[in-house]
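The structure under discussion appears below in the form of C-alpha cells.
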Amino acid sequence: MIEQYVCDLHEVDDAQVASVGGKGAHLGALSRADGIRVPAGFCVTTDAFRRIMAEAPSIDDRLDRLSRLDPDDRETIRALSAEIRRAIEAVVLPDDVAAAIVRALARLGERAACAVRSSATAEDLPTASFAGQQDTYLNVVGQEAVLQHVSRCWASLFTERAVTYRRRNGIDHRTVHMAVVVQKMVFPHAAGVLFTADPVTHHRKVAVVEASFGLGEALVSGLVNADAYRVRDGQIIEKAIAAKRLAIHALPAGGTRQQAIDSERQEQPALTDAQVVRLVRLGRRIEAHFGHPQDIEWCLVDDDFQIVQSRPITTLFPIPETGDGANHVYVSVGHQQMMTDPMKPLGISMWQLTAMAPMHEAGGRLFVDVTGRLAAPASRAGLLEMVGRSDPLIRDALETVLGRGDFVPSLPDQGPAGPPAGGAPAPIETDPAIVAELVERSQAALATLRRDIRTKSGPALFDFLLEAFQEHKRGLGDPLSMQAIMAGMEATWWLNDRLYEWLGEKNAADTLTLSAPDNVTSEMGLALLDVADVIRPYPEVVAFLREVEDEGFVDELPRLPGGREARDAIRAYLDRYGMRCAGEIDITRPRWNERPSTLVPLILDNVRNLEPGARERRFAQGRQRAARKEQEVLERLRALPDGERKAAETKRMIDRVRTFIGYREYPKYVIVSRYLSYKQALLREAGRLVRAHVLPEPEDIFYLTFQELHDVVRTHEVDDQLIQRRKDAFRSYQALTPPRVLTSEGEGIAGAYRREDVPTGALVGLPVSGGTVEGRARVVLDLAEADLEPGDILVTAYTDPSWSPLFVAIAGLVTEVGGLMTHGAVVAREYGLPALVGVAQATRLIRDGQRIRVHATDGYVEILS
C-alpha cells in the first residue's frame with residue numbers, strides 16, 4: 001500500500017474520516033461546496049501519524065498500561081499520558097514525511113501564517129464531538145515552526161482530558177489516529193460560534209450565534225463574554241450585547257496575544273443584525289449539507305464569513321421520526337415508568353409490541369404522541385387532569401406548549417367526552433374477592449405461558465411470541481383490572497381532596513394506606529427482611545457474602561455452617577421476585593435471578609441495621625397507624641356540620657382504597673414475570689445462533705429489534721455493522737437526559753412548579769408520602785452500590801419497583817422523577833416513608849453526606865449543611 005502523508009483540503013470529502021480525521025473531513029467537504037468559504041490548506045494524514053507512532057519507543061507498552069487504568073485515576077493518567085506525549089514529540093520526522101509537509105506549505109506561501117489544528121479519527125462524529133480534547137495552534141509562521149506544531153498535535157491525542165474522554169466513552173486508544181489540518185491563517189474583524197440548533201433547549205428551528213472581536217479563541221477559551229443572538233425563521237428573536245474587554249490578535253512574527261479593547265468599542269456589537277441573519281442562513285446550508293445540526297466556528301473577514309470548523313452537535317436529544325412535517329407533542333414514557341435510562345433496541349421493540357398505546361422511539365427512550373388529545377378541548381382537559389395528578393411538571397410543560405398559539409391545531413370535540421385514558425368504564429363494588437380473582441387469572445395465564453413457551457424454538461417461537469404478546473395486552477386491558485386500578489387511585493384522590501377541604505389536612509391518604517394488603521412490590525421489600533433473619537445468626541455466611549464477587553455464590557453457600565438455610569432462603573426469594581431488576585421495562589436488563597449479587601448489599605444492610613422479626617413489626621405498625629388515623633379522621637368529621645354523612649362517605653372510601661390500592665402494583669409484576677419467560681426463550685435462540693457462528697455473543701441480540709432477530713433466526717444472516725452502530729448509538733444515548741415533554745421541533749420542556757411559598761434555596765418537588773424528616777443525604781445512582789444506615793435519606797434519579805427493598809432501611813426519599821401514583825410513591829406511602837419526587841436535578845444539587853430536611857407534606861427539601 002502506498003502511503004499518502006499529505007492531501008489538499010480540496011481533495012478531501014466527509015467520507016475520508018479514517019485518513020484525515022473528523023475536522024479535516026468536514027472542512028474538506030465544505031471547501032468543495034458552492035458558496036461556503038474555507039481557508040486554503042492541507043491535511044497531514046493518519047498515515048504520517050502511524051509512521052511516527054511506529055518509531056516512538058515503548059509506545060505499545062504504555063498504551064497497554066493506559067487502557068487498563070480506571071478513568072477516575074487522574075494522577076496515573078496524567079503521568080502516563082505525559083510520557084506518551086514526550087515520546088511522540090521526541091521522534092524526529094522522517095525525511096519523506098517532512099518533505100511532503102514542506103511542499104504543501106510552499107503552495108500556501110513561503111512565510112504564510114498558518115493555523116495548525118488536530119483532527120482525530122474519533123472526533124466531530126454524530127455520537128461524540130470530542131470538542132476541545134486535542135490541540136490547536138494559531139498564527140504559526142515558518143517551516144520549522146509548522147513541523148514542530150504538527151508533532152505537538154500528534155502528541156495532543158494523549159492529553160489527560162482526551163485520554164479520559166475516550167475511556168469514559170468506551171473508545172480504545174489504539175483505534176484512534178490523528179491527522180493534522182494546516183490552513184492559511186485568517187485575521188478576522190470578528191469571530192465566534194454558530195449553533196444551528198439551540199444547545200440549551202434543543203430547539204431545531206432556533207439558531208444561536210455568539211460573537212466577539214478578534215480571533216475566536218478568546219470566546220472558545222472563555223476569556224470574554226460574547227454577544228449572543230437567537231434567530232428563528234430569519235428573524236432575531238433575542239439578543240444581548242456584552243461588554244467585550246479583551247480580544248486575541250495575531251502577532252507579526254507568529255503566535256497570539258491578548259489585547260484590551262478600547263472602552264468606546266467594548267459594548268459595540270461585533271456583528272450587525274444583517275450579518276447575524278446572513279451567518280445563520282449560511283449555517284442552515286452547512287446543516288443541510290451534513291444532514292445534522294452543526295456547531296460551527298466562523299471568522300468575519302472584510303464582511304465575508306469564512307468557516308474554520310463545523311461539527312455535529314452531539315448533545316441534542318433526538319426527535320421521533322414521523323416524516324409527515326406536522327407539529328407533534330410527545331410525553332416521555334420513562335418518566336411514567338420510572339426508567340429514564342436508554343433502552344436497547346430489543347427492549348424498545350418488545351415494549352412497543354406489548355404496550356397498550358403506540359409509542360415512538362428517540363434517543364433510546366420511548367414517547368407517546370399526545371398531539372391529537374391536546375387538539376380537542378374535552379380530551380385536552382382529561383389529559384391535563386390525569387397527568388397533572390401524576391406529574392405536575394408534565395402538565396406545566398404541556399400547558400407551556402399550548403400557550404404558544406397555534407403549535408397544536410385546535411379541533412372540535414368528537415361527541416361526548418369519555419373517561420380519561422386508562423379510566424374505568426364503570427365503578428365496581430368494594431370487594432376483596434375481585435383482587436383475588438384478578439390475581440388468580442394472571443397466575444393461570446403465566447403458568448400457561450411458561451408451560452407452552454418451553455416447547456417452541458426457531459421461527460415457530462416468534463410466531464408463538466406474537467400471539468403471546470396479544471394475550472399480554474388482553475391481560476393489561478382487562479376491564480375488571482382497569483376498574484380495580486382506577487378504584488384505588490380515585491379513592492386516594494377523593495380522600496386527599498375531601499379531607500383537605502373538610503379538615504384542612506394535606507395528603508391524608510398517605511397514612512390511611514399504610515400496610516395496605518396485596519401489594520406485591522411492598523411485600524417484596526419486606527420479604528427481604530425475612531431473608532436477612534435467616535442469615536443473621538450465621539457469622540460465616542455473613543462474612544462470605546461480604547466478599548461475593550461472582551454470580552455462582554448461591555451454590556457455594558451450603559459448604560458453610562448455616563449456608564444451606566441461607567441458600568434456600570435466597571432461592572425462594574428469587575423464585576418469587578427474581579424476574580425484577582432496575583430498569584425492568586427493558587427486557588435486556590439483567591434480572592435478579594441472572595445477577596443475584598445485586599441483592600447481597602441489600603441483605604447485608606438489613607442484617608446490620610435491623611433486628612429479627614422486622615417484617616412482621618413493620619407491617620403491624622403500619623396497619624395500626626392506619627387504623628388510628630381512620631378513627632381520628634372519622635371522629636373529627638362527625639363533629640362537623642353534616643358530619644355523619646361525611647364520615648360515612650369517607651369510611652367507604654377508606655375501605656375502597658385499602659381494598660384496591662395494593663393491586664395497583666400487580667399488573668407491572670405480571671408484565672416483568674412474562675418478560676422473564678420471553679427473555680429466557682430468546683436467549684436460548686441466541687445460544688443456538690452463537691453455536692452456529694452467526695453471532696459472536698448471545699447479548700448481541702439485544703441490539704436487534706424483535707423483527708430483525710426473527711429474520712436472523714430464519715436466515716442465519718446478520719448485519720454485524722448494524723449491531724456495532726447500535727452499540728455506538730446506545731453508548732451515546734447514555735449521556736443524554738430525556739425531557740418530560742418533547743416537540744417535533746426538538747425542544748425539550750421540563751415544566752416548572754411555579755410556587756412562591758417555599759424558603760429561598762429550597763428544592764421543590766411533588767409530595768407523594770407525607771411527613772417531615774431530617775437526616776443524612778445518601779446520593780445513590782446504582783442500586784448495587786447502596787450503603788445505607790438507619791436514618792439516611794435516599795436521594796436518587798428514579799426508583800422503579802426493584803428499589804423498594806431499600807425503602808425498609810431509610811428515613812426518607814427524594815427522587816428526580818416520579819408521580820403521585822408511580823410505583824415508588826405507592827410503596828413509600830405503604831411504608832410510611834416521607835417521600836418527595838420530581839425534584840429537578842436532585843442528585844446534582846444535593847451532595848452525598850449533606851444534612852437535609854425533607855418537607856414531604858409541603859413539597860420541598862431544605863439543604864441544611
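Just remember, in the C-alpha cells the first chain shown is A, the second B, etc., residues are 1-based per chain, and ligands are 1-based in the order shown.
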Legend entry - Shell around region 229-237 of chain A at 7 Å using only C-alpha atoms, local window under 3 positions removed, as a VMD selection string: chain A and resid 205 to 210 240 277
Include all heavy atoms and write out the residues we just selected as an mmCIF file, in the first residue's frame.
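The file below, again35.cif, is the result:
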data_model
loop_
_atom_site.group_PDB
_atom_site.id
_atom_site.type_symbol
_atom_site.label_atom_id
_atom_site.label_comp_id
_atom_site.auth_asym_id
_atom_site.auth_seq_id
_atom_site.Cartn_x
_atom_site.Cartn_y
_atom_site.Cartn_z
ATOM 1 N N LYS A 205 -35.296 24.776 15.262
ATOM 2 C CA LYS A 205 -35.550 25.923 14.385
ATOM 3 C C LYS A 205 -34.970 27.220 14.938
ATOM 4 O O LYS A 205 -35.103 28.270 14.313
ATOM 5 C CB LYS A 205 -37.059 26.065 14.145
ATOM 6 C CG LYS A 205 -37.633 24.919 13.328
ATOM 7 C CD LYS A 205 -39.060 25.194 12.899
ATOM 8 C CE LYS A 205 -39.568 24.088 11.991
ATOM 9 N NZ LYS A 205 -40.946 24.348 11.503
ATOM 10 N N VAL A 206 -34.341 27.150 16.097
ATOM 11 C CA VAL A 206 -33.710 28.325 16.691
ATOM 12 C C VAL A 206 -32.198 28.157 16.614
ATOM 13 O O VAL A 206 -31.647 27.171 17.102
ATOM 14 C CB VAL A 206 -34.146 28.515 18.156
ATOM 15 C CG1 VAL A 206 -33.368 29.654 18.808
ATOM 16 C CG2 VAL A 206 -35.646 28.788 18.231
ATOM 17 N N ALA A 207 -31.538 29.111 15.961
ATOM 18 C CA ALA A 207 -30.073 29.111 15.883
ATOM 19 C C ALA A 207 -29.518 30.086 16.921
ATOM 20 O O ALA A 207 -30.160 31.085 17.260
ATOM 21 C CB ALA A 207 -29.618 29.514 14.488
ATOM 22 N N VAL A 208 -28.332 29.781 17.414
ATOM 23 C CA VAL A 208 -27.685 30.618 18.417
ATOM 24 C C VAL A 208 -26.330 31.071 17.879
ATOM 25 O O VAL A 208 -25.528 30.246 17.427
ATOM 26 C CB VAL A 208 -27.496 29.846 19.746
ATOM 27 C CG1 VAL A 208 -26.696 30.683 20.742
ATOM 28 C CG2 VAL A 208 -28.847 29.462 20.329
ATOM 29 N N VAL A 209 -26.096 32.374 17.921
ATOM 30 C CA VAL A 209 -24.833 32.958 17.465
ATOM 31 C C VAL A 209 -24.145 33.628 18.646
ATOM 32 O O VAL A 209 -24.790 34.354 19.421
ATOM 33 C CB VAL A 209 -25.068 34.009 16.348
ATOM 34 C CG1 VAL A 209 -23.765 34.713 15.985
ATOM 35 C CG2 VAL A 209 -25.685 33.353 15.131
ATOM 36 N N GLU A 210 -22.846 33.378 18.794
ATOM 37 C CA GLU A 210 -22.020 34.100 19.761
ATOM 38 C C GLU A 210 -20.868 34.731 18.998
ATOM 39 O O GLU A 210 -20.249 34.079 18.148
ATOM 40 C CB GLU A 210 -21.511 33.162 20.855
ATOM 41 C CG GLU A 210 -22.624 32.610 21.736
ATOM 42 C CD GLU A 210 -22.112 31.761 22.885
ATOM 43 O OE1 GLU A 210 -20.907 31.401 22.865
ATOM 44 O OE2 GLU A 210 -22.888 31.469 23.804
ATOM 45 N N ALA A 240 -28.263 39.898 23.112
ATOM 46 C CA ALA A 240 -27.631 40.521 24.279
ATOM 47 C C ALA A 240 -26.213 40.907 23.880
ATOM 48 O O ALA A 240 -25.406 40.046 23.517
ATOM 49 C CB ALA A 240 -27.617 39.559 25.460
ATOM 50 N N VAL A 277 -28.066 37.488 10.612
ATOM 51 C CA VAL A 277 -29.064 36.744 9.837
ATOM 52 C C VAL A 277 -28.398 36.037 8.658
ATOM 53 O O VAL A 277 -28.711 34.874 8.346
ATOM 54 C CB VAL A 277 -30.179 37.695 9.361
ATOM 55 C CG1 VAL A 277 -31.113 36.981 8.377
ATOM 56 C CG2 VAL A 277 -30.968 38.231 10.555
#
Legend entry - Non-local contacts of Val176 (chain A) (7 Å; only C-alpha atoms; under 2 positions in same chain excluded) as a PyMOL selection string: chain A and resi 120-122+173-174+178
Legend entry - Separation of CA of Arg691 (chain A) from CA of Met350 (chain A), in Å and rounded to one decimal: 24.6 Å
Legend entry - Picked from region 340-532 of chain A by DSSP as strand (DSSP E or B), as an MDAnalysis selection string: chainID A and resid 360:362 365:369
Could those residues be written to a file, using N, CA, C and O atoms, as a short mmCIF file (atom, residue, chain, number, x, y, z; two decimals), in the first residue's frame?
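Listed below is the output, result30.cif:
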data_model
loop_
_atom_site.label_atom_id
_atom_site.label_comp_id
_atom_site.auth_asym_id
_atom_site.auth_seq_id
_atom_site.Cartn_x
_atom_site.Cartn_y
_atom_site.Cartn_z
N HIS A 360 -43.27 5.96 20.29
CA HIS A 360 -42.24 6.37 19.35
C HIS A 360 -40.88 6.38 20.06
O HIS A 360 -40.79 6.78 21.22
N GLU A 361 -39.85 5.99 19.32
CA GLU A 361 -38.51 5.93 19.91
C GLU A 361 -37.70 7.15 19.53
O GLU A 361 -37.77 7.65 18.41
N ALA A 362 -36.92 7.64 20.47
CA ALA A 362 -35.94 8.70 20.19
C ALA A 362 -34.89 8.65 21.30
O ALA A 362 -35.23 8.59 22.48
N ARG A 365 -35.16 6.15 24.09
CA ARG A 365 -36.30 6.27 25.00
C ARG A 365 -37.60 6.21 24.21
O ARG A 365 -37.62 6.39 23.00
N LEU A 366 -38.69 5.98 24.94
CA LEU A 366 -40.00 5.88 24.31
C LEU A 366 -40.86 7.09 24.67
O LEU A 366 -40.78 7.61 25.79
N PHE A 367 -41.67 7.51 23.72
CA PHE A 367 -42.56 8.67 23.89
C PHE A 367 -43.93 8.35 23.31
O PHE A 367 -44.05 7.59 22.35
N VAL A 368 -44.95 8.95 23.91
CA VAL A 368 -46.32 8.85 23.39
C VAL A 368 -46.68 10.19 22.76
O VAL A 368 -46.46 11.25 23.36
N ASP A 369 -47.23 10.14 21.56
CA ASP A 369 -47.67 11.34 20.85
C ASP A 369 -49.05 11.74 21.38
O ASP A 369 -50.02 11.01 21.22
#
Inset, instruction - Using backbone DSSP assignments, extract all alpha helix (DSSP H) residues from region 407-589 of chain A; output them as a ChimeraX atom specification. - result: /A:432-453,458-476,479-503,509-512,520-535,539-546,553-556,563-577
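Pairwise distance (CA of Gly775 (chain A), CA of Thr857 (chain A)) equals 16.4 Å.
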